[in-house]
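With mmCIF, C-alpha atoms inside, this is target-v7.cif:
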```cif
data_my_file
#
loop_
_atom_site.group_PDB
_atom_site.id
_atom_site.type_symbol
_atom_site.label_atom_id
_atom_site.label_comp_id
_atom_site.auth_asym_id
_atom_site.auth_seq_id
_atom_site.Cartn_x
_atom_site.Cartn_y
_atom_site.Cartn_z
ATOM 1 C CA MET A 1 159.639 171.391 -40.485
ATOM 2 C CA GLU A 2 161.160 169.369 -43.288
ATOM 3 C CA ALA A 3 160.776 170.523 -46.903
ATOM 4 C CA THR A 4 158.980 168.077 -49.143
ATOM 5 C CA HIS A 5 160.514 167.199 -52.464
ATOM 6 C CA HIS A 6 158.019 166.609 -55.256
ATOM 7 C CA GLN A 7 158.783 163.672 -57.523
ATOM 8 C CA TYR A 8 157.554 164.511 -61.003
ATOM 9 C CA SER A 9 155.877 161.727 -62.904
ATOM 10 C CA PRO A 10 157.375 160.658 -66.226
ATOM 11 C CA VAL A 11 154.197 161.829 -67.961
ATOM 12 C CA GLU A 12 154.785 165.359 -66.651
ATOM 13 C CA THR A 13 158.389 165.530 -67.811
ATOM 14 C CA ASP A 14 158.894 163.171 -70.755
ATOM 15 C CA ARG A 15 157.391 165.436 -73.409
ATOM 16 C CA LEU A 16 159.842 168.274 -72.729
ATOM 17 C CA ARG A 17 162.791 165.891 -72.250
ATOM 18 C CA ASP A 18 161.994 164.232 -75.591
ATOM 19 C CA TRP A 19 161.690 167.635 -77.279
ATOM 20 C CA ILE A 20 165.089 168.794 -76.024
ATOM 21 C CA ALA A 21 166.694 165.457 -76.978
ATOM 22 C CA ARG A 22 165.166 165.615 -80.481
ATOM 23 C CA TRP A 23 166.427 169.101 -81.340
ATOM 24 C CA ILE A 24 169.778 169.202 -79.577
ATOM 25 C CA GLY A 25 172.587 168.696 -82.043
ATOM 26 C CA ALA A 26 175.463 170.287 -83.858
ATOM 27 C CA ASP A 27 173.295 171.865 -86.560
ATOM 28 C CA TRP A 28 170.874 173.587 -84.190
ATOM 29 C CA VAL A 29 171.400 176.941 -82.480
ATOM 30 C CA TRP A 30 169.658 177.422 -79.121
ATOM 31 C CA HIS A 31 168.510 180.432 -77.150
ATOM 32 C CA ALA A 32 166.702 180.346 -73.804
ATOM 33 C CA ARG A 33 165.201 183.361 -72.088
ATOM 34 C CA ILE A 34 162.617 184.385 -69.524
ATOM 35 C CA LEU A 35 159.882 186.225 -71.432
ATOM 36 C CA SER A 36 159.477 189.837 -70.298
ATOM 37 C CA GLY A 37 156.310 191.913 -70.179
ATOM 38 C CA THR A 38 157.304 193.953 -73.252
ATOM 39 C CA GLU A 39 157.835 190.741 -75.198
ATOM 40 C CA THR A 40 154.482 189.167 -74.280
ATOM 41 C CA SER A 41 152.216 192.250 -74.532
ATOM 42 C CA ALA A 42 151.772 192.425 -70.755
ATOM 43 C CA THR A 43 152.945 196.039 -70.952
ATOM 44 C CA PRO A 44 152.356 198.548 -73.739
ATOM 45 C CA ALA A 45 154.956 198.035 -76.450
ATOM 46 C CA ARG A 46 154.967 199.273 -79.999
ATOM 47 C CA ARG A 47 156.212 195.964 -81.377
ATOM 48 C CA PRO A 48 155.817 193.128 -78.886
ATOM 49 C CA GLY A 49 157.751 189.954 -79.482
ATOM 50 C CA PRO A 50 160.711 188.004 -78.145
ATOM 51 C CA ARG A 51 164.277 189.194 -78.662
ATOM 52 C CA VAL A 52 167.172 187.020 -79.791
ATOM 53 C CA PRO A 53 170.868 188.006 -80.013
ATOM 54 C CA ARG A 54 171.675 189.159 -83.548
ATOM 55 C CA ALA A 55 174.848 187.035 -83.624
ATOM 56 C CA LEU A 56 172.709 183.936 -83.153
ATOM 57 C CA LEU A 57 170.313 184.754 -85.975
ATOM 58 C CA GLU A 58 173.036 185.922 -88.345
ATOM 59 C CA ARG A 59 174.043 182.272 -88.573
ATOM 60 C CA ALA A 60 170.475 181.335 -89.481
ATOM 61 C CA PHE A 61 169.935 184.394 -91.694
ATOM 62 C CA PRO A 62 173.145 185.249 -93.580
ATOM 63 C CA SER A 63 171.626 188.420 -95.059
ATOM 64 C CA LEU A 64 171.429 189.958 -91.566
ATOM 65 C CA ALA A 65 175.189 189.586 -91.137
ATOM 66 C CA LYS A 66 176.058 191.810 -94.094
ATOM 67 C CA ASP A 67 176.537 195.534 -93.596
ATOM 68 C CA GLY A 68 173.845 197.218 -95.609
ATOM 69 C CA GLY A 69 172.063 193.867 -95.895
ATOM 70 C CA ALA A 70 168.510 193.049 -94.923
ATOM 71 C CA THR A 71 167.035 194.827 -91.918
ATOM 72 C CA GLY A 72 164.460 192.083 -91.461
ATOM 73 C CA VAL A 73 163.549 188.574 -92.586
ATOM 74 C CA LYS A 74 160.367 186.488 -92.660
ATOM 75 C CA PHE A 75 160.177 182.900 -91.456
ATOM 76 C CA ASP A 76 157.850 180.351 -89.842
ATOM 77 C CA ILE A 77 157.898 179.246 -86.194
ATOM 78 C CA VAL A 78 156.392 176.173 -84.571
ATOM 79 C CA ILE A 79 155.549 176.640 -80.868
ATOM 80 C CA GLU A 80 155.565 172.955 -80.025
ATOM 81 C CA SER A 81 154.672 173.298 -76.359
ATOM 82 C CA HIS A 82 151.297 174.707 -77.393
ATOM 83 C CA GLY A 83 150.834 173.012 -80.783
ATOM 84 C CA VAL A 84 150.814 176.333 -82.686
ATOM 85 C CA ARG A 85 152.355 177.188 -86.058
ATOM 86 C CA GLU A 86 153.069 180.871 -86.708
ATOM 87 C CA HIS A 87 153.289 181.651 -90.398
ATOM 88 C CA ARG A 88 155.557 184.396 -91.674
ATOM 89 C CA VAL A 89 156.731 186.084 -88.519
ATOM 90 C CA ARG A 90 159.308 188.799 -89.003
ATOM 91 C CA GLY A 91 162.745 189.139 -87.467
ATOM 92 C CA VAL A 92 163.722 192.827 -87.321
ATOM 93 C CA ARG A 93 167.059 194.379 -86.329
ATOM 94 C CA HIS A 94 166.789 195.993 -82.932
ATOM 95 C CA ILE A 95 169.147 197.647 -80.457
ATOM 96 C CA GLY A 96 168.250 196.433 -76.975
ATOM 97 C CA ARG A 97 168.699 198.754 -74.049
ATOM 98 C CA SER A 98 170.615 197.425 -71.097
ATOM 99 C CA LEU A 99 170.465 198.664 -67.528
ATOM 100 C CA PHE A 100 173.990 197.399 -66.953
ATOM 101 C CA GLY A 101 176.315 197.786 -69.898
ATOM 102 C CA PRO A 102 176.299 198.741 -73.554
ATOM 103 C CA PRO A 103 173.301 198.372 -75.896
ATOM 104 C CA ARG A 104 172.826 194.892 -77.362
ATOM 105 C CA ALA A 105 172.417 194.075 -81.053
ATOM 106 C CA GLU A 106 169.297 191.938 -81.186
ATOM 107 C CA ILE A 107 166.580 190.691 -83.471
ATOM 108 C CA ARG A 108 163.015 191.252 -82.294
ATOM 109 C CA ILE A 109 160.593 188.670 -83.651
ATOM 110 C CA THR A 110 157.257 190.300 -84.529
ATOM 111 C CA ASP A 111 154.110 189.844 -86.658
ATOM 112 C CA PHE A 112 152.634 187.031 -84.566
ATOM 113 C CA GLY A 113 148.954 186.186 -84.647
ATOM 114 C CA THR A 114 146.873 187.829 -81.932
ATOM 115 C CA SER A 115 146.418 184.507 -80.116
ATOM 116 C CA SER A 116 150.108 183.542 -80.145
ATOM 117 C CA PRO A 117 151.399 181.983 -76.913
ATOM 118 C CA LEU A 118 154.523 184.156 -77.309
ATOM 119 C CA LEU A 119 152.371 187.287 -76.959
ATOM 120 C CA ASP A 120 150.132 185.947 -74.180
ATOM 121 C CA PRO A 121 150.566 188.128 -71.065
ATOM 122 C CA GLU A 122 150.060 184.969 -68.962
ATOM 123 C CA ASN A 123 153.447 183.765 -70.272
ATOM 124 C CA THR A 124 155.315 186.752 -68.828
ATOM 125 C CA GLY A 125 158.045 185.236 -66.676
ATOM 126 C CA ALA A 126 157.899 181.867 -68.462
ATOM 127 C CA LEU A 127 161.053 180.178 -69.726
ATOM 128 C CA ALA A 128 161.076 180.031 -73.538
ATOM 129 C CA ILE A 129 163.555 177.935 -75.515
ATOM 130 C CA PHE A 130 164.150 178.852 -79.165
ATOM 131 C CA VAL A 131 165.882 176.371 -81.466
ATOM 132 C CA PHE A 132 166.999 177.502 -84.934
ATOM 133 C CA ARG A 133 168.363 175.320 -87.690
ATOM 134 C CA PRO A 134 170.119 177.484 -90.229
ATOM 135 C CA GLY A 135 169.178 177.061 -93.856
ATOM 136 C CA LEU A 136 171.918 176.049 -96.240
ATOM 137 C CA GLY A 137 173.117 179.437 -97.523
ATOM 138 C CA THR A 138 169.604 180.845 -97.607
ATOM 139 C CA ASP A 139 167.322 182.783 -95.310
ATOM 140 C CA SER A 140 164.930 179.895 -94.719
ATOM 141 C CA PRO A 141 165.796 178.282 -91.406
ATOM 142 C CA LYS A 142 163.547 176.218 -89.254
ATOM 143 C CA CYS A 143 162.552 177.493 -85.815
ATOM 144 C CA ARG A 144 161.077 175.496 -82.946
ATOM 145 C CA VAL A 145 159.957 177.005 -79.640
ATOM 146 C CA TRP A 146 159.029 175.549 -76.273
ATOM 147 C CA ILE A 147 157.398 177.790 -73.664
ATOM 148 C CA CYS A 148 157.442 176.175 -70.243
ATOM 149 C CA ARG A 149 153.833 176.008 -69.092
ATOM 150 C CA ASN A 150 154.427 175.388 -65.406
ATOM 151 C CA GLN A 151 157.111 175.072 -62.742
ATOM 152 C CA VAL A 152 157.519 171.353 -63.465
ATOM 153 C CA GLU A 153 158.628 172.078 -67.046
ATOM 154 C CA THR A 154 160.860 174.939 -65.906
ATOM 155 C CA ASP A 155 162.566 172.613 -63.398
ATOM 156 C CA VAL A 156 163.095 169.954 -66.078
ATOM 157 C CA ALA A 157 164.557 172.542 -68.475
ATOM 158 C CA ASP A 158 166.842 173.913 -65.729
ATOM 159 C CA ASP A 159 168.106 170.383 -65.063
ATOM 160 C CA LEU A 160 168.833 169.788 -68.752
ATOM 161 C CA ILE A 161 170.121 173.159 -69.990
ATOM 162 C CA GLY A 162 171.054 174.987 -66.787
ATOM 163 C CA PRO A 163 169.327 177.872 -65.032
ATOM 164 C CA VAL A 164 168.146 180.944 -66.921
ATOM 165 C CA GLU A 165 167.690 184.213 -65.021
ATOM 166 C CA PRO A 166 165.397 187.091 -66.037
ATOM 167 C CA GLY A 167 167.323 189.676 -68.052
ATOM 168 C CA PHE A 168 170.196 187.259 -68.731
ATOM 169 C CA PRO A 169 169.316 185.139 -71.785
ATOM 170 C CA VAL A 170 171.348 182.016 -72.450
ATOM 171 C CA PRO A 171 172.379 181.545 -76.094
ATOM 172 C CA TRP A 172 174.540 178.625 -77.158
ATOM 173 C CA GLY A 173 175.527 176.748 -80.274
ATOM 174 C CA TYR A 174 176.940 179.693 -82.254
#
```

Hey, can you dump this file as structure tokens for me?
Amino acid sequence: MEATHHQYSPVETDRLRDWIARWIGADWVWHARILSGTETSATPARRPGPRVPRALLERAFPSLAKDGGATGVKFDIVIESHGVREHRVRGVRHIGRSLFGPPRAEIRITDFGTSSPLLDPENTGALAIFVFRPGLGTDSPKCRVWICRNQVETDVADDLIGPVEPGFPVPWGY
């Protein structure tokens, strides 16, 4: 039996393609990851929320880079795939545990609203793309997020940014 190849309509793919094209650039720092159950509230977690490598956010938040500096920062996020604005989320220093290798210095983003798509257990396993634009010498960057809502969007993102595997986030631009 021959496998069928689905041709996606432009309507299904153009919105994500346009979003990636709009925010890709030298001034933006990107991070793509598959959302885990502890990040989306699918499993019990004290502080659910996505994790981002600390080195990536230190560029956006200079105070996090300093020894003895801030342990957390507040900022706004726009989840453009779902048309949601999250006001005053918090990025907190976190040491991520790794099954294979040393602990990772990360920032866990917390303080989302209860109906946030980033905390929705249905989004466990979804590809999420975070785009940060560092503020000019301040801790006030802009953050845009796209959470792939179906396999079509995940396939489009894989074609444009490369594959992302669970447990192996893909940061670039820093």

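Note that CA of Asp76 (chain A) and CA of Ser115 (chain A) are 15.6 Å apart.
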
What's the 9 Å shell around region 88-93 of chain A, counting only C-alpha atoms, without same-chain residues fewer than 3 positions away, as a PDB file with C-alpha atoms, keeping the file's coordinate frame?
```
ATOM      1  CA  ARG A  51     164.277 189.194 -78.662  1.00  0.00           C
ATOM      2  CA  ARG A  54     171.675 189.159 -83.548  1.00  0.00           C
ATOM      3  CA  LEU A  57     170.313 184.754 -85.975  1.00  0.00           C
ATOM      4  CA  LEU A  64     171.429 189.958 -91.566  1.00  0.00           C
ATOM      5  CA  ALA A  70     168.510 193.049 -94.923  1.00  0.00           C
ATOM      6  CA  THR A  71     167.035 194.827 -91.918  1.00  0.00           C
ATOM      7  CA  GLY A  72     164.460 192.083 -91.461  1.00  0.00           C
ATOM      8  CA  VAL A  73     163.549 188.574 -92.586  1.00  0.00           C
ATOM      9  CA  LYS A  74     160.367 186.488 -92.660  1.00  0.00           C
ATOM     10  CA  PHE A  75     160.177 182.900 -91.456  1.00  0.00           C
ATOM     11  CA  ASP A  76     157.850 180.351 -89.842  1.00  0.00           C
ATOM     12  CA  ILE A  77     157.898 179.246 -86.194  1.00  0.00           C
ATOM     13  CA  ALA A 105     172.417 194.075 -81.053  1.00  0.00           C
ATOM     14  CA  GLU A 106     169.297 191.938 -81.186  1.00  0.00           C
ATOM     15  CA  ILE A 107     166.580 190.691 -83.471  1.00  0.00           C
ATOM     16  CA  ARG A 108     163.015 191.252 -82.294  1.00  0.00           C
ATOM     17  CA  ILE A 109     160.593 188.670 -83.651  1.00  0.00           C
ATOM     18  CA  THR A 110     157.257 190.300 -84.529  1.00  0.00           C
ATOM     19  CA  ASP A 111     154.110 189.844 -86.658  1.00  0.00           C
ATOM     20  CA  PHE A 112     152.634 187.031 -84.566  1.00  0.00           C
ATOM     21  CA  GLY A 113     148.954 186.186 -84.647  1.00  0.00           C
TER      22      GLY A 113
END
```

To one decimal in Å, tell me the separation between CA of Val152 (chain A) and CA of Phe132 (chain A). 24.3 Å

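Picture a line from CA of Asp155 (chain A) to CA of Leu56 (chain A); it runs 24.9 Å.
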
Determine the residue set returned by the PyMOL selection byres ((chain A and resi 161) around 12) for the present structure, and present it as a ChimeraX atom specification. /A:16-17,20-21,24,30-33,127-129,153-160,162-164,170-172

At a cut-off of 12 Å from (149.8, 171.8, -79.5) in the coordinates of the file, what residues are picked up using all atoms listed in the file, written as a PyMOL selection string? chain A and resi 15+78-85+116-117+145-147+149

Please provide as a ChimeraX atom specification all residues within 10 Å of Pro48 (chain A), with the sequence filter that same-chain residues fewer than 2 positions apart are discarded (counting all atoms listed in the file). /A:36-46,50-51,108-112,118-119

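With all atoms listed in the file as the atoms that count, the minimum distance from Gly49 (chain A) to the choices A:His94, A:Arg133, A:His87, A:Arg144 is reached by A:His94.
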
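If you measure from each of A:Val29, A:Cys148, A:Ile95, A:Ala55 to Phe130 (chain A) using all atoms listed in the file, the closest one turns out to be A:Val29.
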
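Of the residues under consideration (A:Asp18, A:Pro169, A:Gln151, A:Glu58), A:Gln151 shows the shortest atom-to-atom contact distance to Ala126 (chain A) when counting all atoms listed in the file.
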
Top pick for closest residue to Glu122 (chain A), considering A:Ala60, A:Leu35, A:Pro134, A:Lys142 and counting only C-alpha atoms: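 Result for the nearest residue to Glu122 (chain A): A:Leu35.
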
Can you work out which one of A:Val131, A:Thr13, A:Arg22, A:Arg59 has the shortest atom-to-atom distance to Asn150 (chain A), counting only C-alpha atoms?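 Ranked by minimum distance to Asn150 (chain A), first place goes to A:Thr13.
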
Smallest atom-to-atom distance to Trp28 (chain A): which of A:Gly125, A:Glu165, A:Cys143, A:Phe61, using only C-alpha atoms?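 The closest residue to Trp28 (chain A) is A:Cys143.
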